[in-house]
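**Q** Structure supplied as run_29.txt; contents: compact mmCIF, C-alpha atoms.
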# COMPACT_ATOMS: atom_id res chain seq x y z
CA MET A 1 38.37 13.10 26.01
CA ALA A 2 36.62 9.94 24.83
CA THR A 3 33.44 10.27 22.83
CA PRO A 4 30.47 9.19 25.02
CA PHE A 5 28.82 5.92 24.04
CA ILE A 6 25.42 6.38 22.40
CA LYS A 7 23.05 3.45 22.51
CA PRO A 8 21.93 2.84 18.90
CA ARG A 9 18.14 2.95 18.55
CA VAL A 10 15.39 4.42 16.40
CA PRO A 11 12.40 6.54 17.47
CA ARG A 12 9.25 4.69 18.55
CA GLY A 13 7.08 3.64 15.64
CA MET A 14 9.96 3.76 13.16
CA ARG A 15 12.32 1.02 12.05
CA ASP A 16 15.22 0.01 9.88
CA ILE A 17 14.30 -2.19 6.95
CA LEU A 18 17.14 -4.63 6.35
CA PRO A 19 18.00 -6.11 2.93
CA GLU A 20 15.95 -9.33 3.24
CA GLN A 21 12.89 -7.27 4.23
CA MET A 22 13.59 -4.72 1.49
CA ILE A 23 13.61 -7.45 -1.15
CA ARG A 24 10.13 -8.55 -0.08
CA ARG A 25 8.97 -4.94 0.09
CA GLN A 26 10.29 -4.25 -3.39
CA TYR A 27 8.45 -7.30 -4.71
CA VAL A 28 5.13 -5.98 -3.34
CA ILE A 29 5.81 -2.46 -4.65
CA ASP A 30 6.67 -3.83 -8.10
CA VAL A 31 3.37 -5.74 -8.27
CA ILE A 32 1.42 -2.65 -7.22
CA ARG A 33 3.29 -0.43 -9.69
CA ASP A 34 2.69 -2.87 -12.54
CA VAL A 35 -1.07 -2.89 -11.90
CA PHE A 36 -1.19 0.90 -11.61
CA GLU A 37 0.54 1.32 -14.94
CA GLU A 38 -1.66 -1.32 -16.61
CA PHE A 39 -4.60 0.95 -15.79
CA GLY A 40 -2.91 4.04 -17.24
CA PHE A 41 -1.73 5.71 -14.02
CA GLU A 42 1.55 7.64 -14.30
CA PRO A 43 4.20 8.29 -11.61
CA LEU A 44 4.43 11.47 -9.55
CA GLN A 45 6.72 12.53 -6.72
CA THR A 46 6.12 15.30 -4.19
CA PRO A 47 8.31 16.67 -1.34
CA ALA A 48 8.34 14.94 2.03
CA LEU A 49 7.83 18.40 3.57
CA GLU A 50 4.82 20.59 2.90
CA LEU A 51 3.86 24.02 4.18
CA SER A 52 1.75 23.42 7.27
CA GLU A 53 -1.06 25.53 5.83
CA VAL A 54 -1.32 23.03 2.97
CA LEU A 55 -2.02 20.17 5.38
CA THR A 56 -4.12 21.76 8.12
CA GLY A 57 -7.89 21.89 7.82
CA LYS A 58 -8.05 18.85 5.52
CA TYR A 59 -8.16 15.78 7.75
CA GLY A 60 -10.35 16.60 10.72
CA PRO A 61 -9.33 17.56 14.28
CA ASP A 62 -8.43 14.07 15.48
CA ALA A 63 -6.17 13.37 12.52
CA GLU A 64 -4.44 16.73 12.57
CA LYS A 65 -3.10 16.04 16.05
CA LEU A 66 -0.94 13.39 14.37
CA ILE A 67 0.82 15.71 11.90
CA TYR A 68 4.57 16.01 12.57
CA GLN A 69 5.84 19.57 12.73
CA ALA A 70 9.25 19.83 11.10
CA GLY A 71 10.56 23.35 11.53
CA HIS A 72 14.22 24.16 12.14
CA VAL A 73 16.06 26.83 14.10
CA GLY A 74 15.88 30.10 12.21
CA GLY A 75 13.42 28.73 9.68
CA LYS A 76 11.00 31.27 8.24
CA GLU A 77 8.43 28.78 6.97
CA ASP A 78 6.02 26.72 9.01
CA ILE A 79 6.49 23.24 7.53
CA SER A 80 5.31 19.71 8.36
CA LEU A 81 5.97 16.17 7.24
CA ARG A 82 3.29 15.00 4.83
CA TYR A 83 0.43 13.09 6.44
CA ASP A 84 -0.77 11.38 3.26
CA LEU A 85 -0.31 11.61 -0.52
CA SER A 86 -3.79 12.89 -1.45
CA VAL A 87 -3.47 16.45 -0.15
CA PRO A 88 -0.06 16.98 -1.85
CA LEU A 89 -1.66 15.71 -5.07
CA CYS A 90 -4.38 18.35 -4.77
CA ARG A 91 -1.73 21.04 -4.33
CA VAL A 92 0.09 19.78 -7.44
CA VAL A 93 -3.10 19.89 -9.54
CA ALA A 94 -3.85 23.43 -8.32
CA MET A 95 -0.30 24.58 -9.14
CA HIS A 96 -0.27 22.91 -12.57
CA PRO A 97 -3.71 23.47 -14.14
CA GLN A 98 -2.29 22.63 -17.57
CA LEU A 99 -2.14 18.92 -16.67
CA PRO A 100 -4.49 17.01 -19.04
CA LYS A 101 -7.74 15.89 -17.45
CA PRO A 102 -8.56 13.29 -16.41
CA PHE A 103 -5.18 13.26 -14.70
CA LYS A 104 -4.28 9.74 -13.54
CA ARG A 105 -1.29 9.52 -11.27
CA TYR A 106 0.25 7.09 -8.81
CA GLN A 107 2.73 7.77 -6.03
CA ILE A 108 4.61 5.32 -3.82
CA ASP A 109 6.34 7.18 -0.99
CA PRO A 110 6.63 7.40 2.82
CA VAL A 111 4.26 9.44 4.98
CA TRP A 112 4.44 10.27 8.69
CA ARG A 113 1.84 10.16 11.45
CA ALA A 114 2.39 10.50 15.20
CA GLU A 115 0.16 7.53 16.00
CA ARG A 116 0.48 5.08 18.87
CA PRO A 117 2.70 2.29 17.49
CA GLN A 118 1.15 -1.18 17.36
CA LYS A 119 1.07 -4.26 15.11
CA GLY A 120 0.76 -3.10 11.51
CA ARG A 121 0.84 0.58 12.48
CA TYR A 122 4.01 2.66 12.30
CA ARG A 123 4.79 6.35 12.49
CA GLN A 124 6.68 6.28 9.22
CA PHE A 125 5.18 4.06 6.54
CA PHE A 126 4.73 3.81 2.81
CA GLN A 127 1.54 4.57 0.95
CA CYS A 128 0.89 3.38 -2.57
CA ASP A 129 -1.76 5.68 -4.07
CA ALA A 130 -3.55 5.83 -7.39
CA ASP A 131 -5.87 8.78 -8.07
CA THR A 132 -7.94 10.12 -10.95
CA VAL A 133 -8.58 13.88 -11.09
CA GLY A 134 -11.04 15.63 -13.38
CA THR A 135 -13.98 13.24 -13.78
CA GLU A 136 -17.19 12.66 -11.84
CA SER A 137 -17.79 9.29 -13.52
CA MET A 138 -18.31 6.33 -11.23
CA LEU A 139 -16.15 4.39 -13.69
CA ALA A 140 -13.12 5.98 -12.04
CA ASP A 141 -14.30 4.74 -8.64
CA ALA A 142 -14.98 1.29 -10.09
CA GLU A 143 -11.42 1.24 -11.44
CA ASN A 144 -10.17 1.98 -7.93
CA VAL A 145 -11.99 -1.06 -6.55
CA THR A 146 -10.73 -3.14 -9.49
CA LEU A 147 -7.16 -2.02 -8.74
CA ILE A 148 -7.57 -3.32 -5.20
CA TYR A 149 -8.88 -6.66 -6.41
CA GLN A 150 -6.14 -7.05 -9.02
CA VAL A 151 -3.27 -6.14 -6.70
CA LEU A 152 -4.37 -8.36 -3.82
CA THR A 153 -5.09 -11.41 -5.96
CA ARG A 154 -1.74 -11.08 -7.73
CA LEU A 155 -0.02 -10.94 -4.35
CA GLY A 156 -1.72 -14.22 -3.40
CA PHE A 157 -4.55 -12.99 -1.16
CA GLU A 158 -7.48 -15.40 -1.34
CA GLN A 159 -9.71 -14.07 1.44
CA PHE A 160 -10.35 -10.36 1.69
CA GLU A 161 -13.35 -8.08 1.59
CA ILE A 162 -13.60 -4.66 -0.05
CA ASN A 163 -16.22 -2.71 1.93
CA ILE A 164 -17.95 0.00 -0.11
CA ASN A 165 -20.16 2.85 1.10
CA ASP A 166 -20.96 6.43 0.12
CA ARG A 167 -20.61 9.57 2.23
CA LYS A 168 -23.86 10.92 0.72
CA LEU A 169 -25.64 7.79 1.86
CA ILE A 170 -24.21 8.17 5.37
CA THR A 171 -25.40 11.78 5.50
CA GLY A 172 -28.81 10.69 4.26
CA ILE A 173 -29.04 8.03 6.95
CA GLY A 174 -28.29 10.62 9.63
CA GLN A 175 -30.87 13.03 8.25
CA PHE A 176 -33.45 10.25 7.86
CA ALA A 177 -32.95 9.25 11.48
CA GLY A 178 -33.38 12.86 12.58
CA VAL A 179 -29.85 13.51 13.83
CA PRO A 180 -29.13 17.26 13.98
CA ASP A 181 -26.38 18.43 11.60
CA GLU A 182 -24.12 19.45 14.50
CA GLN A 183 -24.23 15.87 15.82
CA LEU A 184 -23.50 14.11 12.52
CA GLY A 185 -19.74 14.03 13.18
CA GLY A 186 -20.25 12.14 16.43
CA LEU A 187 -22.73 9.86 14.69
CA TYR A 188 -20.19 8.93 12.02
CA ARG A 189 -17.48 8.22 14.56
CA SER A 190 -19.78 5.94 16.53
CA ILE A 191 -20.96 4.04 13.46
CA ASP A 192 -17.36 3.57 12.35
CA LYS A 193 -16.67 1.61 15.55
CA LEU A 194 -19.36 -1.00 14.87
CA ASP A 195 -16.86 -3.79 14.13
CA LYS A 196 -14.95 -3.03 17.32
CA ILE A 197 -17.69 -2.36 19.87
CA GLY A 198 -20.72 -4.07 18.32
CA LEU A 199 -24.31 -2.83 18.10
CA ALA A 200 -24.63 -2.52 21.87
CA GLY A 201 -21.53 -0.35 22.02
CA VAL A 202 -22.75 1.87 19.20
CA ARG A 203 -26.12 2.18 20.96
CA ASP A 204 -24.40 3.28 24.18
CA GLU A 205 -22.19 5.83 22.39
CA LEU A 206 -25.13 7.33 20.52
CA ALA A 207 -27.06 7.62 23.78
CA GLU A 208 -24.08 9.35 25.41
CA ASN A 209 -24.13 11.85 22.53
CA GLN A 210 -27.72 12.79 23.48
CA ILE A 211 -29.27 11.16 20.41
CA PRO A 212 -32.90 10.19 21.24
CA GLU A 213 -33.82 6.51 21.60
CA PRO A 214 -36.27 6.44 18.61
CA VAL A 215 -33.52 7.86 16.39
CA ILE A 216 -31.05 5.23 17.64
CA GLU A 217 -33.51 2.43 16.81
CA LYS A 218 -33.99 3.70 13.25
CA LEU A 219 -30.22 3.96 12.79
CA LEU A 220 -29.45 0.50 14.11
CA ALA A 221 -32.10 -1.03 11.87
CA LEU A 222 -30.41 0.49 8.81
CA LEU A 223 -26.98 -0.63 9.94
CA GLN A 224 -28.15 -4.25 10.07
CA ILE A 225 -29.25 -4.46 6.43
CA GLU A 226 -27.33 -7.34 4.84
CA GLY A 227 -27.24 -9.33 1.61
CA ASP A 228 -25.68 -9.03 -1.82
CA SER A 229 -25.07 -5.57 -3.26
CA ALA A 230 -28.36 -5.35 -5.13
CA THR A 231 -30.37 -6.48 -2.07
CA VAL A 232 -28.71 -3.93 0.22
CA LEU A 233 -29.13 -1.06 -2.23
CA ASN A 234 -32.77 -1.92 -2.94
CA ALA A 235 -33.54 -2.04 0.79
CA LEU A 236 -31.84 1.30 1.34
CA ARG A 237 -33.73 2.88 -1.56
CA GLU A 238 -37.03 1.67 -0.09
CA GLN A 239 -36.30 3.14 3.31
CA LEU A 240 -34.35 6.27 2.37
CA GLY A 241 -36.11 7.24 -0.85
CA GLY A 242 -37.38 10.41 0.76
CA SER A 243 -33.85 11.77 1.27
CA GLU A 244 -32.42 13.44 -1.81
CA VAL A 245 -28.81 13.13 -0.67
CA ALA A 246 -29.34 9.44 0.18
CA ARG A 247 -30.84 8.82 -3.27
CA GLU A 248 -27.76 10.39 -4.85
CA GLY A 249 -25.48 8.12 -2.84
CA ILE A 250 -27.49 5.02 -3.68
CA ALA A 251 -27.48 5.92 -7.40
CA GLU A 252 -23.70 6.30 -7.32
CA LEU A 253 -23.27 2.91 -5.65
CA GLU A 254 -25.65 1.26 -8.13
CA GLU A 255 -23.67 2.66 -11.06
CA LEU A 256 -20.36 1.64 -9.45
CA ASN A 257 -21.69 -1.86 -8.79
CA GLY A 258 -22.68 -2.27 -12.44
CA TYR A 259 -19.18 -1.34 -13.60
CA LEU A 260 -17.60 -3.81 -11.19
CA THR A 261 -19.52 -6.64 -12.79
CA THR A 262 -18.28 -5.59 -16.22
CA LEU A 263 -14.71 -5.19 -14.96
CA GLY A 264 -14.73 -8.77 -13.71
CA VAL A 265 -14.54 -8.24 -9.96
CA PRO A 266 -16.21 -11.29 -8.34
CA ASP A 267 -18.98 -10.22 -5.98
CA GLU A 268 -17.64 -12.43 -3.18
CA PHE A 269 -14.74 -9.99 -2.78
CA TYR A 270 -16.77 -6.85 -2.11
CA ARG A 271 -19.94 -5.77 -0.34
CA MET A 272 -22.00 -2.66 0.30
CA ASN A 273 -21.37 -1.93 3.97
CA VAL A 274 -23.56 0.81 5.44
CA SER A 275 -21.54 0.96 8.67
CA MET A 276 -18.16 1.69 7.01
CA VAL A 277 -17.41 5.40 7.41
CA ARG A 278 -13.67 6.17 7.05
CA GLY A 279 -12.52 9.02 9.23
CA LEU A 280 -11.09 11.61 6.85
CA GLU A 281 -13.45 14.54 6.45
CA TYR A 282 -12.67 15.35 2.82
CA TYR A 283 -14.57 12.38 1.32
CA THR A 284 -17.69 13.37 -0.62
CA GLY A 285 -18.92 10.22 -2.42
CA PRO A 286 -18.07 6.51 -2.64
CA ILE A 287 -15.58 5.28 -0.06
CA TYR A 288 -13.88 1.87 0.14
CA GLU A 289 -11.80 -0.03 2.63
CA THR A 290 -10.35 -3.56 2.49
CA VAL A 291 -10.03 -5.89 5.47
CA VAL A 292 -8.75 -9.42 6.00
CA GLU A 293 -10.17 -11.77 8.61
CA GLU A 294 -6.76 -12.99 9.74
CA PRO A 295 -4.74 -11.51 11.23
CA LYS A 296 -6.81 -8.79 12.92
CA ILE A 297 -4.68 -5.99 11.57
CA GLY A 298 -7.19 -3.36 10.46
CA SER A 299 -7.71 -2.15 6.91
CA ILE A 300 -5.06 -2.86 4.27
CA THR A 301 -6.45 -0.45 1.65
CA GLY A 302 -8.61 2.63 1.81
CA GLY A 303 -9.84 5.41 -0.40
CA GLY A 304 -12.76 7.24 -1.88
CA ARG A 305 -14.02 10.26 -3.77
CA TYR A 306 -13.05 13.78 -2.68
CA ASP A 307 -14.62 16.22 -5.13
CA GLU A 308 -14.10 19.38 -3.05
CA LEU A 309 -10.54 19.09 -1.76
CA ILE A 310 -8.72 20.59 -4.75
CA GLY A 311 -11.03 23.60 -4.54
CA SER A 312 -9.38 24.51 -1.22
CA PHE A 313 -6.20 25.31 -3.18
CA SER A 314 -7.65 26.88 -6.31
CA LYS A 315 -10.69 28.75 -7.62
CA GLN A 316 -10.87 25.98 -10.21
CA GLY A 317 -12.03 22.85 -8.42
CA TYR A 318 -11.87 19.35 -9.88
CA PRO A 319 -13.64 16.13 -8.93
CA ALA A 320 -11.21 13.46 -7.76
CA THR A 321 -11.12 9.90 -6.47
CA GLY A 322 -8.41 7.49 -5.43
CA THR A 323 -7.30 4.51 -3.41
CA SER A 324 -4.32 3.81 -1.17
CA PHE A 325 -2.58 0.54 -0.29
CA GLY A 326 -1.13 0.13 3.21
CA ILE A 327 2.01 -1.69 2.18
CA GLU A 328 3.26 -2.22 5.77
CA ARG A 329 0.13 -4.14 6.73
CA ILE A 330 0.05 -6.05 3.44
CA ILE A 331 3.64 -7.19 4.02
CA ASP A 332 2.89 -8.13 7.64
CA VAL A 333 0.01 -10.35 6.49
CA MET A 334 2.08 -11.93 3.71
CA GLU A 335 4.92 -12.71 6.11
CA GLU A 336 2.61 -14.16 8.76
CA PHE A 337 1.03 -16.53 6.24
CA ASP A 338 4.20 -17.25 4.21
CA MET A 339 2.71 -15.83 1.01
CA PHE A 340 5.90 -14.72 -0.74
CA PRO A 341 6.93 -16.78 -3.79
CA ALA A 342 10.04 -18.94 -3.41
CA ALA A 343 11.74 -16.78 -6.03
CA VAL A 344 11.59 -13.82 -3.62
CA GLY A 345 14.63 -14.90 -1.65
CA LYS A 346 16.90 -13.45 0.99
CA THR A 347 19.18 -11.71 -1.49
CA VAL A 348 19.10 -10.21 -4.97
CA THR A 349 22.43 -11.86 -5.81
CA GLN A 350 22.14 -14.89 -8.08
CA VAL A 351 25.79 -15.94 -8.34
CA LEU A 352 28.87 -15.67 -6.13
CA VAL A 353 32.15 -15.81 -8.02
CA THR A 354 34.77 -17.11 -5.62
CA VAL A 355 38.37 -15.89 -5.50
CA PHE A 356 40.62 -18.94 -5.31
CA ASP A 357 43.81 -17.01 -4.59
CA ALA A 358 45.33 -13.57 -5.16
CA GLU A 359 46.88 -14.58 -8.46
CA LEU A 360 43.49 -15.61 -9.89
CA ALA A 361 41.56 -12.55 -8.65
CA GLN A 362 41.73 -10.87 -12.08
CA GLU A 363 40.32 -13.97 -13.76
CA SER A 364 37.46 -14.10 -11.23
CA LEU A 365 36.66 -10.46 -12.02
CA LYS A 366 36.54 -11.28 -15.72
CA LEU A 367 34.02 -14.05 -15.07
CA ALA A 368 31.88 -11.72 -12.96
CA THR A 369 31.91 -9.10 -15.72
CA LEU A 370 30.85 -11.72 -18.26
CA LEU A 371 27.89 -12.75 -16.11
CA ARG A 372 26.85 -9.17 -15.37
CA GLN A 373 26.91 -8.29 -19.05
CA ASP A 374 24.24 -10.94 -19.54
CA GLY A 375 22.07 -9.45 -16.78
CA ILE A 376 22.95 -12.00 -14.10
CA LYS A 377 23.22 -10.43 -10.63
CA THR A 378 26.74 -11.35 -9.57
CA GLU A 379 28.88 -10.75 -6.49
CA VAL A 380 32.63 -11.35 -6.28
CA TYR A 381 34.03 -12.40 -2.94
CA CYS A 382 36.23 -9.52 -1.87
CA ARG A 383 39.39 -11.36 -0.85
CA PRO A 384 41.01 -14.75 -1.31
CA THR A 385 40.36 -17.09 1.59
CA ARG A 386 39.39 -20.72 2.15
CA LEU A 387 36.85 -21.89 -0.40
CA SER A 388 34.73 -23.34 2.43
CA ALA A 389 34.46 -19.88 4.02
CA GLN A 390 33.31 -18.36 0.73
CA ILE A 391 30.70 -21.08 0.20
CA LYS A 392 29.46 -20.62 3.77
CA TYR A 393 29.11 -16.88 3.11
CA ALA A 394 26.99 -17.61 0.02
CA ASP A 395 24.85 -20.07 1.97
CA THR A 396 24.30 -17.56 4.76
CA LYS A 397 23.15 -14.90 2.32
CA GLY A 398 21.00 -17.33 0.36
CA ILE A 399 22.94 -16.94 -2.90
CA PRO A 400 21.85 -19.94 -5.00
CA TYR A 401 24.91 -20.52 -7.19
CA ALA A 402 28.70 -20.28 -6.90
CA VAL A 403 31.31 -20.15 -9.68
CA ILE A 404 34.69 -21.61 -8.78
CA LEU A 405 37.80 -20.92 -10.82
CA GLY A 406 41.02 -22.59 -9.70
CA SER A 407 44.35 -22.95 -11.50
CA ASP A 408 43.40 -26.41 -12.86
CA GLU A 409 40.16 -25.08 -14.38
CA LEU A 410 41.91 -22.02 -15.78
CA GLU A 411 44.56 -24.15 -17.47
CA VAL A 412 41.96 -26.18 -19.42
CA GLY A 413 39.59 -23.27 -20.08
CA LYS A 414 36.82 -24.49 -17.78
CA VAL A 415 34.99 -23.36 -14.63
CA ALA A 416 33.07 -25.14 -11.90
CA ILE A 417 29.46 -24.18 -11.16
CA ARG A 418 27.89 -25.30 -7.88
CA ASN A 419 24.18 -25.33 -7.00
CA LEU A 420 24.37 -24.49 -3.30
CA ALA A 421 20.92 -25.91 -2.51
CA SER A 422 21.38 -29.33 -4.11
CA ARG A 423 25.21 -29.35 -3.89
CA GLU A 424 25.25 -30.41 -7.54
CA GLN A 425 28.44 -29.30 -9.31
CA GLN A 426 29.30 -29.18 -12.99
CA ILE A 427 32.54 -28.46 -14.80
CA VAL A 428 31.77 -26.59 -18.03
CA PRO A 429 33.79 -24.82 -20.71
CA ARG A 430 34.25 -21.16 -19.92
CA ALA A 431 32.35 -20.25 -23.10
CA GLU A 432 29.28 -22.12 -21.80
CA LEU A 433 29.27 -20.51 -18.33
CA VAL A 434 26.56 -17.94 -18.99
CA GLU A 435 24.30 -20.37 -20.82
CA CYS A 436 24.58 -22.94 -18.03
CA ILE A 437 23.88 -20.40 -15.28
CA GLN A 438 20.85 -19.06 -17.18
CA ARG A 439 19.55 -22.58 -17.60
CA TRP A 440 19.84 -23.24 -13.88
CA ILE A 441 18.22 -19.91 -12.97
CA ASN A 442 15.30 -20.49 -15.33
CA GLY A 443 14.81 -24.02 -14.08
Written as structure tokens, how would this file's structure read?

**A**
Amino acid sequence: MATPFIKPRVPRGMRDILPEQMIRRQYVIDVIRDVFEEFGFEPLQTPALELSEVLTGKYGPDAEKLIYQAGHVGGKEDISLRYDLSVPLCRVVAMHPQLPKPFKRYQIDPVWRAERPQKGRYRQFFQCDADTVGTESMLADAENVTLIYQVLTRLGFEQFEININDRKLITGIGQFAGVPDEQLGGLYRSIDKLDKIGLAGVRDELAENQIPEPVIEKLLALLQIEGDSATVLNALREQLGGSEVAREGIAELEELNGYLTTLGVPDEFYRMNVSMVRGLEYYTGPIYETVVEEPKIGSITGGGRYDELIGSFSKQGYPATGTSFGIERIIDVMEEFDMFPAAVGKTVTQVLVTVFDAELAQESLKLATLLRQDGIKTEVYCRPTRLSAQIKYADTKGIPYAVILGSDELEVGKVAIRNLASREQQIVPRAELVECIQRWING
């Protein structure tokens, strides 16, 4: 009986990443990793699967609907695919209290969320996180913002905005306006939609949540405070000085802002944004989120301080803060605006060694070995065929150089090197092959 035909496809919100895309992805990851390590963050890996009890109760009810359950027939453990990299980090710290503090780690791995797929949003995607555990200093938060600035500018971003706020300040605003504690969650969700629905939309939502009109007016007035960081913070201090929790949040932002100046982050790339909330419930202090004007793709980084989350796994709690880069969205923006350097090509291969005929295959292999020993990424065409077919293959893949060894070249101890972009060809002594290729590669 014939095997039934299965139409090849992937689940919604997931995708194959083909070699050309992977090369670009690896370039972005390498830049992010380099910056992380320059700041003293060290690598960590955690399992893709976590016990469900580790994940639940950490993200808020709306987010937890998106956690993928991953049990199997006969399984005795309730397990789920990880939703982010922060909660697994907290579990690691609780399980390994001997880790030196502050503990600075980075992790670059996939996470899974059952979200509605759309541009820049997938159900499986990579997060690139850097976190510092074990210090309450705002210097750690300032380093997070500096990481964002350094990574994005190195990737070629020229227009982006890092929005900074503080959960304590948001709580203080709600209390100042007279919003009951049980309604603060709805207040935050409405404020967080300001960019999408505007002031009128926020007003309508707050009214629907039974928040009195005088309270709404006080809230909207605070949300419209604008100016440079110092101006915004001074205005907030004047209006919210009677709220202890708001004063704490403002003091944290003032300290963070001072560090950013010292760390060399230009003020045109960040602003204090009272309306930026971030949805995850575990944030306790400064929060940050980066957006680009074009394309309208949502935030490309996010993060903040979560001083109480590790305490849910251990009697010994630790303050913690971190930031996460949304690599899928970053790549989407870079592709849309052609931001990848020319050196990030379609293939990793630098040289194709052709096989002139079966009798010369061994000699072609020797040339390839010679090039590889010098660190040159080299592919050998797998079988002898027309030279034109081999050159066309190299062109199709985007391989920049070809090495051609025929019987005439072999007899006189020489090889031909062809630049496939310019069609320039040189005949050089075999002993000079590596030097010539390196010279071409290095320009």

**Q** What gap, in Å, lies between atom CA of A:Lys218 and atom CA of A:Ala63?

**A**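 Distance reported for this atom pair: 29.5 Å.
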
**Q** Considering only C-alpha atoms, state which residue in the set A:Leu89, A:Val348, A:Val111, A:Leu222 is at the smallest distance from A:Leu49.

**A**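 The answer is A:Val111, which sits nearest to A:Leu49.
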
**Q** What's around stretch 367-377 of chain A at 9 Å? Count all atoms listed in the file, leave out sequence neighbours fewer than 5 positions away in its own chain, and write the answer as a PyMOL selection string.

**A** chain A and resi 348-353+362+403+405+430+433-434+437-438

**Q** Could you list, as a PDB file with C-alpha atoms, in the frame of the given file, every residue within 9 Å of A:Gly413, counting all atoms listed in the file and ignoring same-chain residues fewer than 3 positions away?

**A**
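Saved result, result_30.pdb, follows:
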ATOM      1  CA  ASP A 408      43.400 -26.410 -12.860  1.00  0.00           C
ATOM      2  CA  GLU A 409      40.160 -25.080 -14.380  1.00  0.00           C
ATOM      3  CA  LEU A 410      41.910 -22.020 -15.780  1.00  0.00           C
ATOM      4  CA  VAL A 428      31.770 -26.590 -18.030  1.00  0.00           C
ATOM      5  CA  PRO A 429      33.790 -24.820 -20.710  1.00  0.00           C
ATOM      6  CA  ARG A 430      34.250 -21.160 -19.920  1.00  0.00           C
ATOM      7  CA  ALA A 431      32.350 -20.250 -23.100  1.00  0.00           C
TER       8      ALA A 431
END

**Q** Return the single residue from A:Tyr401, A:Tyr68, A:Phe337, A:Tyr59 that is closest to A:Thr378, with distances computed using all atoms listed in the file.

**A** A:Tyr401

**Q** In Å, how far is it from atom CA of A:Tyr149 to atom CA of A:Val133?

**A**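 We find that atom CA of A:Tyr149 and atom CA of A:Val133 lie 21.1 Å from each other.
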
**Q** Pick the closest to A:Leu139 from A:Ser388, A:Thr262, A:Asn442, A:Thr290: which is it, counting all atoms listed in the file?

**A** A:Thr262

**Q** Please, what distance in Å, to one decimal, runs between atom CA of A:Gln26 and atom CA of A:Arg82?

**A**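 Interatomic distance, atom CA of A:Gln26 to atom CA of A:Arg82: 22.1 Å.
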
**Q** Starting from the incomplete input, reconstruct N, CA and C atoms of stretch 374-385 of chain A and write that as a PDB file, keeping the file's coordinate frame.

**A**
ATOM      1  N   ASP A 374      25.417 -10.188 -19.105  1.00  0.00           N
ATOM      2  CA  ASP A 374      24.240 -10.940 -19.540  1.00  0.00           C
ATOM      3  C   ASP A 374      23.050 -10.726 -18.602  1.00  0.00           C
ATOM      4  N   GLY A 375      23.172  -9.773 -17.681  1.00  0.00           N
ATOM      5  CA  GLY A 375      22.070  -9.450 -16.780  1.00  0.00           C
ATOM      6  C   GLY A 375      21.956 -10.327 -15.557  1.00  0.00           C
ATOM      7  N   ILE A 376      22.977 -11.125 -15.279  1.00  0.00           N
ATOM      8  CA  ILE A 376      22.950 -12.000 -14.100  1.00  0.00           C
ATOM      9  C   ILE A 376      23.532 -11.238 -12.913  1.00  0.00           C
ATOM     10  N   LYS A 377      22.789 -11.174 -11.823  1.00  0.00           N
ATOM     11  CA  LYS A 377      23.220 -10.430 -10.630  1.00  0.00           C
ATOM     12  C   LYS A 377      24.345 -11.202  -9.956  1.00  0.00           C
ATOM     13  N   THR A 378      25.529 -10.614  -9.940  1.00  0.00           N
ATOM     14  CA  THR A 378      26.740 -11.350  -9.570  1.00  0.00           C
ATOM     15  C   THR A 378      27.552 -10.593  -8.538  1.00  0.00           C
ATOM     16  N   GLU A 379      27.998 -11.309  -7.519  1.00  0.00           N
ATOM     17  CA  GLU A 379      28.880 -10.750  -6.490  1.00  0.00           C
ATOM     18  C   GLU A 379      30.207 -11.485  -6.546  1.00  0.00           C
ATOM     19  N   VAL A 380      31.295 -10.755  -6.377  1.00  0.00           N
ATOM     20  CA  VAL A 380      32.630 -11.350  -6.280  1.00  0.00           C
ATOM     21  C   VAL A 380      33.059 -11.298  -4.823  1.00  0.00           C
ATOM     22  N   TYR A 381      33.540 -12.422  -4.311  1.00  0.00           N
ATOM     23  CA  TYR A 381      34.030 -12.400  -2.940  1.00  0.00           C
ATOM     24  C   TYR A 381      35.238 -11.475  -2.878  1.00  0.00           C
ATOM     25  N   CYS A 382      35.305 -10.652  -1.843  1.00  0.00           N
ATOM     26  CA  CYS A 382      36.230  -9.520  -1.870  1.00  0.00           C
ATOM     27  C   CYS A 382      37.706  -9.892  -1.684  1.00  0.00           C
ATOM     28  N   ARG A 383      37.988 -11.033  -1.102  1.00  0.00           N
ATOM     29  CA  ARG A 383      39.390 -11.360  -0.850  1.00  0.00           C
ATOM     30  C   ARG A 383      39.585 -12.867  -0.906  1.00  0.00           C
ATOM     31  N   PRO A 384      40.759 -13.307  -1.283  1.00  0.00           N
ATOM     32  CA  PRO A 384      41.010 -14.750  -1.310  1.00  0.00           C
ATOM     33  C   PRO A 384      41.063 -15.321   0.098  1.00  0.00           C
ATOM     34  N   THR A 385      40.349 -16.386   0.306  1.00  0.00           N
ATOM     35  CA  THR A 385      40.360 -17.090   1.590  1.00  0.00           C
ATOM     36  C   THR A 385      39.937 -18.525   1.320  1.00  0.00           C
TER      37      THR A 385
END
